[in-house]
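Here is the structure we will look at, set down as structure tokens.
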Amino acid sequence: MPERELTFAQAVREALAEEMRRDSHVCIFGEDVAEAGTPFKVLSGLVEEFGGDRVVDTPISEAGFTGVAVGAAMTGMRPVVDIMFGDFLTLTMDQMVNQAAKVHYMSGGHWKVPMVMRTTLGATRRSAAQHSQSLHAWFSHVPGLKVVLPSTPYDAKGLLKTAIRDENPVVFFEDKMMYKLKGPVPEEEYTIPLGVAEVKREGDDITIVATSSMVQVGLGAATLLEKEGISAEVIDPRTTWPLDDKTLIESAKKTSRVIVLDEGYGRYGVTAELAAVIAEGAFYDLDAPVKRMGAMHVPIPFSPPLEDVTVATEETVFEAARQLCGKT
Amino acid sequence: MTTATTNSEAGREVSTEKEKWLRVYRQMVSIRLFEEQVNELYTRALMPGLAHLYSGEEAVAVGICEALGRDDYITSTHRGHGHCLAKGASPDRMFAELLGKEAGYCRGKGGSMHIADPATGNLGANAIVGGSVGIATGAAFAAKRQGTDRVAVCFFGEGALGQGSLYEVMNLAQLWKLPVIYVCENNLYNEYTHYTETTAGTILGRAIAFGLEAASVDGQDVRAVNEIASRLVRRARAGGGPAFLQADTYRYSGHHVGDINREYYRSKQEEQHWKSDRDPIKLHSKWLLDRAYTDAASLERITSEVRSEMESAVKFAIAAPYPSVEEVEKHVYA
Ligand SMILES: Cc1ncc(C[n+]2csc(CCOP(=O)(O)OP(=O)(O)O)c2C)c(N)n1
């Protein structure tokens with residue numbers, strides 16, 4: 001039987017539907033999540049199945065409904081909050097950072113906050129500086145939060161189901177340019193643990209560690225490199241916290257050269273942390289400094305020719321990898 | 001014949017009543033036809049990204065900006081083309097910005113949702129709902145502290161009533177008697193949800209609670225909007241403090257240009273009703289004709305003049321070059 005294929009958006013929706021069927025405490029809060037099914041149409045059909053009491057349209061009050069989710073999570077619900085564009089996360093920061101992340105610890109382990117915040121990241125949609133950011137590093141910085149970055153429909157479904165069942169606040173980033181990406185997703189139930197990286201492609205000469213939107217870019221670069229006789233391994237950590245440092249370090253030791261690729265800003269960002277983890281863990285096996293490739297340090301511009309140079313592409317990764325391997 | 005003057009020193013010259021209302025007519029037509037071109041550009045895949053059209057709401061921006069001088073401030077929204085044009089932006093540089101060209105108001109870096117223009121007091125359109133309430137209030141603070149008689153108008157949709165920061169700044173504005181006017185354009189929908197599903201209590205009650213001068217107006221009636229705006233602006237200039245104006249209006253198109261199938265959140269009859277019975281341009285042209293300020297042929301001529309102005313503005317924008325790639329790293333810091 002041919003494997004079933006779903007889009008990234010369908011995989012997310014199926015994970016939510018399955019978890020909502022399994023556990024009546026799971027509910028969704030967000031702007032235009034019900035009849036509209038979000039502007040990206042990711043949630044279409046859920047309100048029809050689960051009703052407006054569980055798929056709850058909110059006012060445009062990100063701070064308010066995130067706070068409500070924190071309180072509801074503490075008292076028995078399992079809310080999944082929808083923040084349409086990752087840029088609007090800034091409005092939820094106090095609730096996530098000062099409240100959700102700290103409640104369990106501050107209460108000496110008495111209270112817990114089993115909630116998920118689903119949101120988007122990624123540029124190149126011509127949406128300009130306030131609708132294009134990738135802010136996952138901000139949350140990865142904070143003890144008490146977990147951060148998930150799926151890169152395929154399969155991962156999106158399995159990781160989201162695990163996130164919903166997790167007893168902690170989990171921030172789940174979906175690349176908005178990836179919603180239509182198709183990939184195999186089996187019919188039968190499965191989950192993917194948080195904190196387990198996946199080798200998306202095996203190779204010997206160089207390791208490309210890539211997250212979310214950048215995994216496809218890394219794989220594309222690996223195909224180009226193959227034609228040059230360079231064998232690239234592509235690893236997706238899948239979660240920035242918890243982090244599977246072991247898999248990253250092992251691969252770095254094997255290949256001795258590493259590029260870290262992420263759509264957030266490099267400066268004090270995810271690439272900085274992953275590069276440091278690899279440098280510490282594989283220092284004596286590295287033949288070159290770990291190369292970081294993140295978004296250019298500018299607000300994302302609207303103009304297409306400008307926006308296009310702000311993020312890494314297959315070609316820029318290919319070039320960087322060739323140089324790292326001494327082929328100029 | 002009576003004369004009407006704008007209140008600011010830097011305002012327009014004295015014009016007759018008739019001239020004023022014809023200018024207002026032309027300005028509303030300009031916004032309508034500008035948006036027609038935007039829709040066309042989008043449909044022909046010539047425009048990157050999205051656009052949120054202002055068609056149907058023209059009387060609000062025009063009625064209010066007509067009460068302002070060039071050096072008064074405004075802040076605008078994701079649905080901001082109308083505000084920017086009404087405050088004096090020129091269509092060619094607007095289109096250039098929408099296409100990401102260097103000749104645009106923001107050198108192509110901002111796009112449709114971020115038009116900003118110091119020359120017309122435009123502090124910027126904002127893609128964060130409620131994102132400019134602080135900026136407008138801050139501009140009013142500076143205007144007062146610097147001893148000018150400028151006012152700041154903060155345009156936002158009723159969706160921004162959900163943002164807590166609005167209530168923080170209204171409280172500050174009233175405590176400090178700042179010359180700021182919060183203009184809530186109630187076009188009935190926050191994206192795809194009717195505002196009554198997201199708004200408890202009353203809209204005006206929120207401003208009244210902080211002691212702001214609060215009023216509502218038929219946002220399809222440009223003269224009514226202008227009359228009340230003029231009063232609130234005068235009051236603010238004279239140190240009377242902040243005000244809140246609810247303008248009831250309607251957007252004709254989808255939330256954005258790609259929002260084509262709308263039946264699940266509003267009916268075709270509702271849309272038709274606003275377009276045929278409540279259209280701000282039709283209503284105003286009827287008034288102009290009834291008063292014999294003009295005749296049908298003259299109005300037709302205005303429309304065709306504006307149309308060719310828009311067409312050449314679009315041509316200019318299409319022909320204009322993109323910024324060079326080095327531009328990308330400029331202006332991160334001042
Ligand atoms: C803080 C924030 N949350 C959500 C959005 C997404 N969004 C863009 S426009 C919009 C609806 C705005 O409705 P309203 O303020 O009434 O303005 P209108 O579109 O009706 O002119 C939403 C939810 C946003 N841009 N900013």
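Residues are referred to by chain and number: the chain letter is A, B, ... according to the order shown in the structure tokens, the number counts from 1 in that chain, and ligands are numbered separately from 1 in the order shown.
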**Message:** Taking only C-alpha atoms into account, find every residue of chain A that has an atom no more than 9 Å from chain B, and write it out as an MDAnalysis selection string.
**Reply:** chainID A and resid 31:32 35:36 39 57:64 87:88 125:131 296:307 309:310
Please produce a file of those selected residues containing N, CA and C atoms, as an mmCIF file, in the first residue's frame.
data_model
loop_
_atom_site.group_PDB
_atom_site.id
_atom_site.type_symbol
_atom_site.label_atom_id
_atom_site.label_comp_id
_atom_site.auth_asym_id
_atom_site.auth_seq_id
_atom_site.Cartn_x
_atom_site.Cartn_y
_atom_site.Cartn_z
ATOM 1 N N GLU A 31 -7.053 33.807 17.873
ATOM 2 C CA GLU A 31 -7.815 34.719 17.016
ATOM 3 C C GLU A 31 -8.210 33.996 15.732
ATOM 4 N N ASP A 32 -9.494 34.013 15.441
ATOM 5 C CA ASP A 32 -9.995 33.388 14.213
ATOM 6 C C ASP A 32 -9.579 31.926 14.073
ATOM 7 N N GLU A 35 -14.429 29.309 13.094
ATOM 8 C CA GLU A 35 -14.966 29.193 11.724
ATOM 9 C C GLU A 35 -13.898 29.495 10.668
ATOM 10 N N ALA A 36 -13.058 30.479 10.934
ATOM 11 C CA ALA A 36 -12.037 30.839 9.938
ATOM 12 C C ALA A 36 -10.931 29.791 9.866
ATOM 13 N N PRO A 39 -5.945 32.244 9.574
ATOM 14 C CA PRO A 39 -5.666 32.748 8.224
ATOM 15 C C PRO A 39 -4.927 31.724 7.358
ATOM 16 N N ASP A 57 -12.636 31.227 19.780
ATOM 17 C CA ASP A 57 -12.191 32.488 19.183
ATOM 18 C C ASP A 57 -11.987 33.518 20.283
ATOM 19 N N THR A 58 -10.898 34.238 20.204
ATOM 20 C CA THR A 58 -10.617 35.250 21.222
ATOM 21 C C THR A 58 -10.593 36.634 20.585
ATOM 22 N N PRO A 59 -10.726 37.661 21.394
ATOM 23 C CA PRO A 59 -10.392 38.999 20.905
ATOM 24 C C PRO A 59 -8.898 39.067 20.580
ATOM 25 N N ILE A 60 -8.478 40.166 19.984
ATOM 26 C CA ILE A 60 -7.063 40.333 19.624
ATOM 27 C C ILE A 60 -6.326 40.765 20.888
ATOM 28 N N SER A 61 -6.195 39.825 21.794
ATOM 29 C CA SER A 61 -5.680 40.098 23.146
ATOM 30 C C SER A 61 -4.671 39.025 23.495
ATOM 31 N N GLU A 62 -3.518 39.045 22.834
ATOM 32 C CA GLU A 62 -2.559 37.952 23.004
ATOM 33 C C GLU A 62 -2.121 37.794 24.459
ATOM 34 N N ALA A 63 -1.822 38.903 25.117
ATOM 35 C CA ALA A 63 -1.371 38.808 26.510
ATOM 36 C C ALA A 63 -2.485 38.224 27.375
ATOM 37 N N GLY A 64 -3.698 38.690 27.136
ATOM 38 C CA GLY A 64 -4.829 38.252 27.941
ATOM 39 C C GLY A 64 -5.126 36.773 27.780
ATOM 40 N N ASP A 87 5.689 36.945 15.343
ATOM 41 C CA ASP A 87 6.012 38.314 15.743
ATOM 42 C C ASP A 87 5.148 38.776 16.924
ATOM 43 N N PHE A 88 3.950 38.228 17.041
ATOM 44 C CA PHE A 88 3.046 38.672 18.110
ATOM 45 C C PHE A 88 3.374 38.001 19.446
ATOM 46 N N ARG A 125 7.996 35.620 2.850
ATOM 47 C CA ARG A 125 6.590 35.653 2.445
ATOM 48 C C ARG A 125 6.199 37.070 2.014
ATOM 49 N N ARG A 126 7.145 37.970 1.936
ATOM 50 C CA ARG A 126 6.900 39.370 1.552
ATOM 51 C C ARG A 126 5.945 40.030 2.542
ATOM 52 N N SER A 127 6.159 39.749 3.819
ATOM 53 C CA SER A 127 5.242 40.270 4.823
ATOM 54 C C SER A 127 5.875 41.364 5.667
ATOM 55 N N ALA A 128 7.124 41.683 5.398
ATOM 56 C CA ALA A 128 7.843 42.788 6.046
ATOM 57 C C ALA A 128 8.162 42.507 7.522
ATOM 58 N N ALA A 129 8.700 43.542 8.155
ATOM 59 C CA ALA A 129 9.458 43.355 9.403
ATOM 60 C C ALA A 129 8.620 42.869 10.589
ATOM 61 N N GLN A 130 7.319 43.135 10.582
ATOM 62 C CA GLN A 130 6.510 42.750 11.750
ATOM 63 C C GLN A 130 5.723 41.450 11.535
ATOM 64 N N HIS A 131 5.982 40.769 10.423
ATOM 65 C CA HIS A 131 5.281 39.498 10.174
ATOM 66 C C HIS A 131 6.227 38.427 9.632
ATOM 67 N N MET A 296 20.235 37.424 8.430
ATOM 68 C CA MET A 296 21.048 38.640 8.466
ATOM 69 C C MET A 296 20.560 39.516 9.623
ATOM 70 N N HIS A 297 21.473 40.269 10.218
ATOM 71 C CA HIS A 297 21.094 41.076 11.391
ATOM 72 C C HIS A 297 20.401 42.367 11.011
ATOM 73 N N VAL A 298 19.265 42.208 10.382
ATOM 74 C CA VAL A 298 18.448 43.371 9.999
ATOM 75 C C VAL A 298 16.980 42.998 10.222
ATOM 76 N N PRO A 299 16.121 44.010 10.464
ATOM 77 C CA PRO A 299 14.684 43.710 10.419
ATOM 78 C C PRO A 299 14.373 43.190 9.012
ATOM 79 N N ILE A 300 13.443 42.281 8.863
ATOM 80 C CA ILE A 300 13.202 41.708 7.533
ATOM 81 C C ILE A 300 12.593 42.781 6.625
ATOM 82 N N PRO A 301 13.274 43.095 5.511
ATOM 83 C CA PRO A 301 12.741 44.121 4.614
ATOM 84 C C PRO A 301 11.619 43.574 3.746
ATOM 85 N N PHE A 302 10.765 44.472 3.257
ATOM 86 C CA PHE A 302 9.657 44.055 2.395
ATOM 87 C C PHE A 302 10.128 43.745 0.971
ATOM 88 N N SER A 303 10.936 44.610 0.432
ATOM 89 C CA SER A 303 11.311 44.525 -0.986
ATOM 90 C C SER A 303 11.917 43.156 -1.308
ATOM 91 N N PRO A 304 11.342 42.441 -2.288
ATOM 92 C CA PRO A 304 11.788 41.064 -2.539
ATOM 93 C C PRO A 304 13.294 40.874 -2.716
ATOM 94 N N PRO A 305 13.961 41.697 -3.553
ATOM 95 C CA PRO A 305 15.404 41.435 -3.707
ATOM 96 C C PRO A 305 16.178 41.641 -2.410
ATOM 97 N N LEU A 306 15.671 42.485 -1.522
ATOM 98 C CA LEU A 306 16.341 42.670 -0.231
ATOM 99 C C LEU A 306 16.010 41.503 0.699
ATOM 100 N N GLU A 307 14.747 41.140 0.744
ATOM 101 C CA GLU A 307 14.357 40.066 1.663
ATOM 102 C C GLU A 307 15.107 38.777 1.336
ATOM 103 N N VAL A 309 18.010 38.143 0.355
ATOM 104 C CA VAL A 309 19.387 37.949 0.817
ATOM 105 C C VAL A 309 19.485 37.833 2.336
ATOM 106 N N THR A 310 18.355 37.963 3.038
ATOM 107 C CA THR A 310 18.453 37.940 4.506
ATOM 108 C C THR A 310 18.471 36.532 5.082
#
Which residues, written as a VMD selection string, have at least one atom at most 6 Å from segment 67-76 of chain B, with only C-alpha atoms counted and residues fewer than 2 positions away on the same chain left out?
chain B and resid 8 10 to 11 64 to 65 80 120 to 125 150 to 155 230
Now that the selection is made, can you save its residues with N, CA and C atoms as a PDB file, in the first residue's frame?
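To be explicit, this is the file written out as part-v1.pdb:
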ATOM      1  N   SER B   8      -4.726  74.655  11.902  1.00  0.00           N
ATOM      2  CA  SER B   8      -3.300  74.767  12.157  1.00  0.00           C
ATOM      3  C   SER B   8      -2.701  75.886  11.335  1.00  0.00           C
ATOM      4  N   ALA B  10       0.055  75.748   9.934  1.00  0.00           N
ATOM      5  CA  ALA B  10       0.653  75.129   8.758  1.00  0.00           C
ATOM      6  C   ALA B  10      -0.398  74.516   7.837  1.00  0.00           C
ATOM      7  N   GLY B  11      -1.643  74.827   8.103  1.00  0.00           N
ATOM      8  CA  GLY B  11      -2.716  74.198   7.345  1.00  0.00           C
ATOM      9  C   GLY B  11      -2.850  74.750   5.938  1.00  0.00           C
ATOM     10  N   ILE B  64     -11.366  63.236   8.732  1.00  0.00           N
ATOM     11  CA  ILE B  64     -10.485  63.576   9.850  1.00  0.00           C
ATOM     12  C   ILE B  64      -9.256  64.343   9.378  1.00  0.00           C
ATOM     13  N   CYS B  65      -8.612  63.852   8.340  1.00  0.00           N
ATOM     14  CA  CYS B  65      -7.385  64.531   7.900  1.00  0.00           C
ATOM     15  C   CYS B  65      -7.673  65.926   7.362  1.00  0.00           C
ATOM     16  N   GLY B  80      -3.925  50.912   5.872  1.00  0.00           N
ATOM     17  CA  GLY B  80      -3.522  52.299   6.037  1.00  0.00           C
ATOM     18  C   GLY B  80      -3.433  53.166   4.798  1.00  0.00           C
ATOM     19  N   THR B 120       4.511  64.642   5.825  1.00  0.00           N
ATOM     20  CA  THR B 120       3.072  64.824   6.047  1.00  0.00           C
ATOM     21  C   THR B 120       2.674  64.423   7.472  1.00  0.00           C
ATOM     22  N   GLY B 121       3.638  64.360   8.361  1.00  0.00           N
ATOM     23  CA  GLY B 121       3.320  64.050   9.761  1.00  0.00           C
ATOM     24  C   GLY B 121       2.913  62.609   9.979  1.00  0.00           C
ATOM     25  N   ASN B 122       3.216  61.763   9.009  1.00  0.00           N
ATOM     26  CA  ASN B 122       2.801  60.355   9.126  1.00  0.00           C
ATOM     27  C   ASN B 122       3.888  59.563   9.852  1.00  0.00           C
ATOM     28  N   LEU B 123       3.597  59.218  11.104  1.00  0.00           N
ATOM     29  CA  LEU B 123       4.579  58.504  11.924  1.00  0.00           C
ATOM     30  C   LEU B 123       4.696  57.041  11.526  1.00  0.00           C
ATOM     31  N   GLY B 124       3.780  56.591  10.702  1.00  0.00           N
ATOM     32  CA  GLY B 124       3.920  55.242  10.191  1.00  0.00           C
ATOM     33  C   GLY B 124       2.670  54.409  10.349  1.00  0.00           C
ATOM     34  N   ALA B 125       2.437  53.598   9.318  1.00  0.00           N
ATOM     35  CA  ALA B 125       1.414  52.569   9.436  1.00  0.00           C
ATOM     36  C   ALA B 125       2.047  51.407  10.183  1.00  0.00           C
ATOM     37  N   ARG B 150       0.308  71.243  17.803  1.00  0.00           N
ATOM     38  CA  ARG B 150       0.031  70.045  17.011  1.00  0.00           C
ATOM     39  C   ARG B 150      -0.823  69.049  17.790  1.00  0.00           C
ATOM     40  N   VAL B 151      -1.564  68.284  17.023  1.00  0.00           N
ATOM     41  CA  VAL B 151      -2.286  67.172  17.633  1.00  0.00           C
ATOM     42  C   VAL B 151      -1.841  65.879  16.952  1.00  0.00           C
ATOM     43  N   ALA B 152      -2.112  64.779  17.612  1.00  0.00           N
ATOM     44  CA  ALA B 152      -1.820  63.465  17.043  1.00  0.00           C
ATOM     45  C   ALA B 152      -3.119  62.687  16.927  1.00  0.00           C
ATOM     46  N   VAL B 153      -3.325  62.101  15.760  1.00  0.00           N
ATOM     47  CA  VAL B 153      -4.501  61.249  15.565  1.00  0.00           C
ATOM     48  C   VAL B 153      -4.028  59.806  15.435  1.00  0.00           C
ATOM     49  N   CYS B 154      -4.597  58.958  16.237  1.00  0.00           N
ATOM     50  CA  CYS B 154      -4.241  57.540  16.234  1.00  0.00           C
ATOM     51  C   CYS B 154      -5.391  56.763  15.607  1.00  0.00           C
ATOM     52  N   PHE B 155      -5.178  56.298  14.375  1.00  0.00           N
ATOM     53  CA  PHE B 155      -6.207  55.485  13.714  1.00  0.00           C
ATOM     54  C   PHE B 155      -6.031  54.022  14.111  1.00  0.00           C
ATOM     55  N   SER B 230     -13.201  68.294  13.598  1.00  0.00           N
ATOM     56  CA  SER B 230     -12.755  69.682  13.762  1.00  0.00           C
ATOM     57  C   SER B 230     -12.950  70.140  15.207  1.00  0.00           C
TER      58      SER B 230
END
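Going from atom CA of Ala96 of chain B to atom CA of Ile318 of chain B covers 7.3 Å.
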